[in-house]
Amino acid sequence: MNRYMIIDIANRLDIDMIGFTNSVPLERIRKQLVDRMEEDRITEFEERNLELRVNPALSMEACRSIIVVALSYNREYEHKEIARIKGSLSRSSWGKDYHFVLKEKMDTLVKEIKKEHEFSAICFCDTGPLVDRELAYRAGLGYYGKNCSIINPSYGSFIFIGYILTDLEIEINEKPLANLCGDCTLCLEACPTGALGGPGTLNPKKCISYLTQTKDPIPEDLSARMGIKIYGCDTCQLVCPKNGNVQLSSHQEFDPLKTDGIVDIGELVQMSKKQFQEKYGDMAGSWRGKTVLLRNSVIALENIGANNHMDLIRTLHNKNIDLLKPYTSRILKDMIE
């Protein structure tokens, strides 16, 4: 299959990055995955079957080549920030849910290729068992930064990755990119919770991005470091020099037109489920539902000074929601004492 024809189609579809790799299992990271499992650093969102994580053939038996694509979501946006009590959203959840945006791009790419050559394909965007960052690394889309993000030389690390398993025979000549982090350790030093234990070493259960999504209890020493983060955390990427002077995203879908990139905590507390869906339903962070974001809002209120927002905390406590009770009860108890 002519790889340059695929690249040309991808360019016409405004796909920022594209590369190719074969279906050989991802053995390079097997030990790392085993170590993470043995050290209980696997989250509830990750595939537990190790073989599914490394072997493309278990997701598609006839897989011969893998097309890896990525979109930048590094948008310039002038924020209004009119919320009285503001919580922050990761850039990954600013605009339209990237799962739908990138999946649509990949589906269209497959459709256009099929006009020239019939083949079988399965598309994944954060939904498949394979380690997408390793596929992106192997396909030459970027190198692993010390914060474990894939860094593309042109677009930086604010990128969404998707991959397409195919039975095509595509010429593969990509080589992994050399690491360009040098002796920089800004991301390691900036991580609020110390989740980055060293270069390329992440404890996801301490990562704020994970903490804002899990329904498991959050230890008080970690919640105190979450600041006003309601969904996700961009800290390690924002301090990364490799995200300076990069090509910005052209994808307006990722502009936070409905949310302004923030959560109005006072408004969120009073919202009905219908109102929540109307404002936040299109963003990636809505998948965990309103209750998880309310839990994170309680933590944010505590971090910015619970005594100034006791009316909201009491309102949330009186909703009698199991996920919120441990946090609201602790705050109210501390206030009484």
# chains A, B, ... in the order shown; residues from 1 in each chain; ligands from 1
>>> closest_atom_pairs(of="stretch 81-128 of chain A", to="stretch 31-48 of chain A", cutoff="12 Å", atoms="only C-alpha atoms", output="CSV")
residue,atom,partner,partner_atom,distance
A:Asp126,CA,A:Glu46,CA,10.3
A:Thr127,CA,A:Glu46,CA,10.0
A:Gly128,CA,A:Glu47,CA,8.7
>>> residues_around(residues="A:Val131", least_positions_apart="5", cutoff="9 Å", atoms="only C-alpha atoms", output="list in words")
Leu26, Arg53, Val54 and Ala136 of chain A
>>> residues_around(residues="A:Thr259", least_positions_apart="2", cutoff="9 Å", atoms="only C-alpha atoms", output="tab-separated table (two decimals) with C-alpha atoms, in the first residue's frame")
chain	number	residue	atom	x	y	z
A	94	TRP	CA	-11.85	22.51	26.96
A	95	GLY	CA	-13.97	21.96	23.88
A	256	PRO	CA	-13.93	26.12	25.24
A	257	LEU	CA	-16.87	28.09	23.85
A	261	GLY	CA	-12.10	26.42	30.11
A	262	ILE	CA	-13.34	26.66	33.70
A	263	VAL	CA	-16.04	25.36	35.99
A	264	ASP	CA	-18.25	27.89	37.74
A	279	LYS	CA	-23.19	23.00	29.23
A	280	TYR	CA	-20.66	20.25	29.95
>>> closest_residue(among="A:Glu61, A:Lys86, A:Phe160, A:Asn173", to="A:Leu301", atoms="only C-alpha atoms")
A:Lys86
>>> closest_residue(among="A:Ile313, A:Ile228, A:Cys233, A:Ile150", to="A:Arg133", atoms="only C-alpha atoms")
A:Ile150
>>> residues_around(residues="A:Gly227", least_positions_apart="6", cutoff="8 Å", atoms="only C-alpha atoms", output="number ranges by chain")
A: 299-300, 303-304
>>> write_last_selection(atoms="C-alpha atoms", output="PDB file, in the first residue's frame")
ATOM      1  CA  ILE A 299     -11.975  19.675  47.363  1.00  0.00           C
ATOM      2  CA  ALA A 300     -11.400  22.944  45.469  1.00  0.00           C
ATOM      3  CA  ASN A 303      -8.302  24.327  49.161  1.00  0.00           C
ATOM      4  CA  ILE A 304      -9.291  27.949  48.532  1.00  0.00           C
TER       5      ILE A 304
END
>>> select_by_dssp(residues="stretch 76-156 of chain A", states="helix (DSSP H, G or I)", output="ChimeraX atom specification")
/A:91-93,98-114,132-138
>>> residues_around(residues="A:Gly200", least_positions_apart="2", cutoff="7 Å", atoms="only C-alpha atoms", output="compact mmCIF listing (two decimals) with N, CA and C atoms, in the first residue's frame")
# COMPACT_ATOMS: atom_id res chain seq x y z
N GLY A 145 8.69 12.25 26.88
CA GLY A 145 9.28 13.23 27.76
C GLY A 145 9.49 12.63 29.14
N LYS A 146 10.18 13.33 29.99
CA LYS A 146 10.40 12.84 31.35
C LYS A 146 9.10 12.76 32.13
N ASN A 147 8.06 13.46 31.65
CA ASN A 147 6.75 13.40 32.30
C ASN A 147 5.88 12.29 31.70
N CYS A 148 6.47 11.45 30.86
CA CYS A 148 5.81 10.30 30.24
C CYS A 148 4.87 10.67 29.10
N GLY A 198 10.59 10.23 38.87
CA GLY A 198 11.87 10.34 38.19
C GLY A 198 11.60 10.40 36.70
N LEU A 202 6.10 7.31 36.38
CA LEU A 202 4.85 7.92 36.83
C LEU A 202 4.08 6.97 37.73
>>> closest_residue(among="A:Cys240, A:Leu294, A:Leu222, A:Ile6", to="A:Lys115", atoms="only C-alpha atoms")
A:Ile6
>>> residues_around(residues="A:Val68", least_positions_apart="2", cutoff="12 Å", atoms="only C-alpha atoms", output="ChimeraX atom specification")
/A:6-7,10,15-23,65-66,70-71,102,105-106,109,122-125,130-142,160-166,172,174
>>> atom_distance(atom1="atom CA of A:Asn74", atom2="atom CA of A:Gln275")
27.7 Å
>>> decode(residues="stretch 87-136 of chain A", atoms="N, CA and C atoms", output="compact mmCIF listing (two decimals), in the first residue's frame")
# COMPACT_ATOMS: atom_id res chain seq x y z
N GLY A 87 -13.19 26.87 39.16
CA GLY A 87 -12.41 25.64 39.13
C GLY A 87 -11.81 25.49 37.75
N SER A 88 -10.69 24.78 37.64
CA SER A 88 -10.00 24.70 36.35
C SER A 88 -10.25 23.38 35.64
N LEU A 89 -10.21 23.45 34.32
CA LEU A 89 -10.33 22.29 33.45
C LEU A 89 -9.05 22.11 32.66
N SER A 90 -8.61 20.89 32.50
CA SER A 90 -7.48 20.60 31.62
C SER A 90 -7.82 21.01 30.19
N ARG A 91 -6.82 21.43 29.44
CA ARG A 91 -7.05 21.78 28.03
C ARG A 91 -7.65 20.61 27.26
N SER A 92 -7.36 19.40 27.70
CA SER A 92 -7.91 18.23 27.01
C SER A 92 -9.42 18.17 27.10
N SER A 93 -10.00 18.95 28.02
CA SER A 93 -11.45 18.96 28.19
C SER A 93 -12.04 20.35 27.99
N TRP A 94 -11.36 21.16 27.23
CA TRP A 94 -11.85 22.51 26.96
C TRP A 94 -13.08 22.51 26.06
N GLY A 95 -12.93 21.88 24.90
CA GLY A 95 -13.97 21.96 23.88
C GLY A 95 -14.68 20.65 23.66
N LYS A 96 -14.96 20.34 22.42
CA LYS A 96 -15.69 19.13 22.07
C LYS A 96 -14.87 17.89 22.41
N ASP A 97 -15.52 16.88 22.91
CA ASP A 97 -14.88 15.64 23.31
C ASP A 97 -13.99 15.11 22.18
N TYR A 98 -12.70 15.00 22.49
CA TYR A 98 -11.73 14.60 21.46
C TYR A 98 -11.97 13.18 20.95
N HIS A 99 -12.60 12.34 21.76
CA HIS A 99 -12.88 10.98 21.29
C HIS A 99 -13.70 11.01 20.02
N PHE A 100 -14.68 11.91 19.97
CA PHE A 100 -15.54 12.01 18.80
C PHE A 100 -14.84 12.71 17.64
N VAL A 101 -14.08 13.76 17.96
CA VAL A 101 -13.39 14.52 16.90
C VAL A 101 -12.37 13.65 16.20
N LEU A 102 -11.53 12.99 16.97
CA LEU A 102 -10.47 12.18 16.37
C LEU A 102 -11.03 10.92 15.72
N LYS A 103 -12.04 10.32 16.35
CA LYS A 103 -12.65 9.12 15.75
C LYS A 103 -13.26 9.45 14.40
N GLU A 104 -13.91 10.60 14.29
CA GLU A 104 -14.49 11.00 13.01
C GLU A 104 -13.39 11.18 11.95
N LYS A 105 -12.26 11.76 12.35
CA LYS A 105 -11.14 11.92 11.42
C LYS A 105 -10.63 10.56 10.94
N MET A 106 -10.49 9.63 11.88
CA MET A 106 -9.98 8.32 11.51
C MET A 106 -10.97 7.55 10.63
N ASP A 107 -12.26 7.63 10.97
CA ASP A 107 -13.26 6.95 10.15
C ASP A 107 -13.27 7.50 8.73
N THR A 108 -13.12 8.82 8.60
CA THR A 108 -13.09 9.42 7.26
C THR A 108 -11.82 9.03 6.52
N LEU A 109 -10.71 8.97 7.24
CA LEU A 109 -9.45 8.53 6.62
C LEU A 109 -9.60 7.12 6.05
N VAL A 110 -10.17 6.22 6.83
CA VAL A 110 -10.38 4.84 6.37
C VAL A 110 -11.30 4.83 5.15
N LYS A 111 -12.36 5.60 5.20
CA LYS A 111 -13.31 5.66 4.08
C LYS A 111 -12.64 6.14 2.80
N GLU A 112 -11.78 7.16 2.93
CA GLU A 112 -11.10 7.70 1.75
C GLU A 112 -10.07 6.72 1.19
N ILE A 113 -9.36 6.02 2.07
CA ILE A 113 -8.38 5.03 1.60
C ILE A 113 -9.10 3.90 0.86
N LYS A 114 -10.28 3.54 1.35
CA LYS A 114 -11.02 2.44 0.73
C LYS A 114 -11.50 2.78 -0.68
N LYS A 115 -11.51 4.05 -1.02
CA LYS A 115 -11.83 4.42 -2.40
C LYS A 115 -10.75 3.96 -3.36
N GLU A 116 -9.55 3.75 -2.83
CA GLU A 116 -8.41 3.32 -3.64
C GLU A 116 -8.06 1.85 -3.44
N HIS A 117 -8.37 1.36 -2.23
CA HIS A 117 -7.93 -0.01 -1.91
C HIS A 117 -8.82 -0.57 -0.81
N GLU A 118 -9.46 -1.69 -1.05
CA GLU A 118 -10.32 -2.30 -0.04
C GLU A 118 -9.47 -2.97 1.04
N PHE A 119 -9.86 -2.79 2.29
CA PHE A 119 -9.10 -3.40 3.40
C PHE A 119 -9.97 -3.40 4.65
N SER A 120 -9.49 -4.08 5.66
CA SER A 120 -10.19 -4.11 6.95
C SER A 120 -9.47 -3.20 7.94
N ALA A 121 -10.23 -2.57 8.81
CA ALA A 121 -9.63 -1.63 9.76
C ALA A 121 -10.49 -1.53 11.02
N ILE A 122 -9.82 -1.27 12.14
CA ILE A 122 -10.49 -0.98 13.41
C ILE A 122 -9.84 0.26 14.01
N CYS A 123 -10.64 1.26 14.33
CA CYS A 123 -10.12 2.52 14.86
C CYS A 123 -10.29 2.60 16.38
N PHE A 124 -9.28 3.15 17.03
CA PHE A 124 -9.33 3.34 18.48
C PHE A 124 -8.84 4.73 18.84
N CYS A 125 -9.55 5.37 19.75
CA CYS A 125 -9.10 6.65 20.30
C CYS A 125 -9.31 6.60 21.81
N ASP A 126 -8.28 6.18 22.51
CA ASP A 126 -8.36 6.07 23.97
C ASP A 126 -9.38 5.02 24.38
N THR A 127 -9.71 4.11 23.47
CA THR A 127 -10.74 3.11 23.74
C THR A 127 -10.22 1.69 23.57
N GLY A 128 -9.02 1.53 23.00
CA GLY A 128 -8.47 0.20 22.76
C GLY A 128 -7.51 -0.21 23.87
N PRO A 129 -7.16 -1.47 23.92
CA PRO A 129 -6.28 -1.96 24.99
C PRO A 129 -4.81 -1.66 24.78
N LEU A 130 -4.39 -1.44 23.54
CA LEU A 130 -2.97 -1.22 23.26
C LEU A 130 -2.51 0.11 23.84
N VAL A 131 -1.22 0.19 24.17
CA VAL A 131 -0.66 1.42 24.75
C VAL A 131 -0.43 2.41 23.61
N ASP A 132 -1.32 3.39 23.48
CA ASP A 132 -1.29 4.28 22.32
C ASP A 132 -0.02 5.13 22.29
N ARG A 133 0.51 5.51 23.44
CA ARG A 133 1.73 6.32 23.44
C ARG A 133 2.91 5.52 22.89
N GLU A 134 2.95 4.24 23.19
CA GLU A 134 4.03 3.41 22.65
C GLU A 134 3.90 3.26 21.14
N LEU A 135 2.66 3.14 20.66
CA LEU A 135 2.45 3.08 19.21
C LEU A 135 2.89 4.38 18.55
N ALA A 136 2.55 5.51 19.18
CA ALA A 136 2.96 6.81 18.63
C ALA A 136 4.48 6.94 18.63
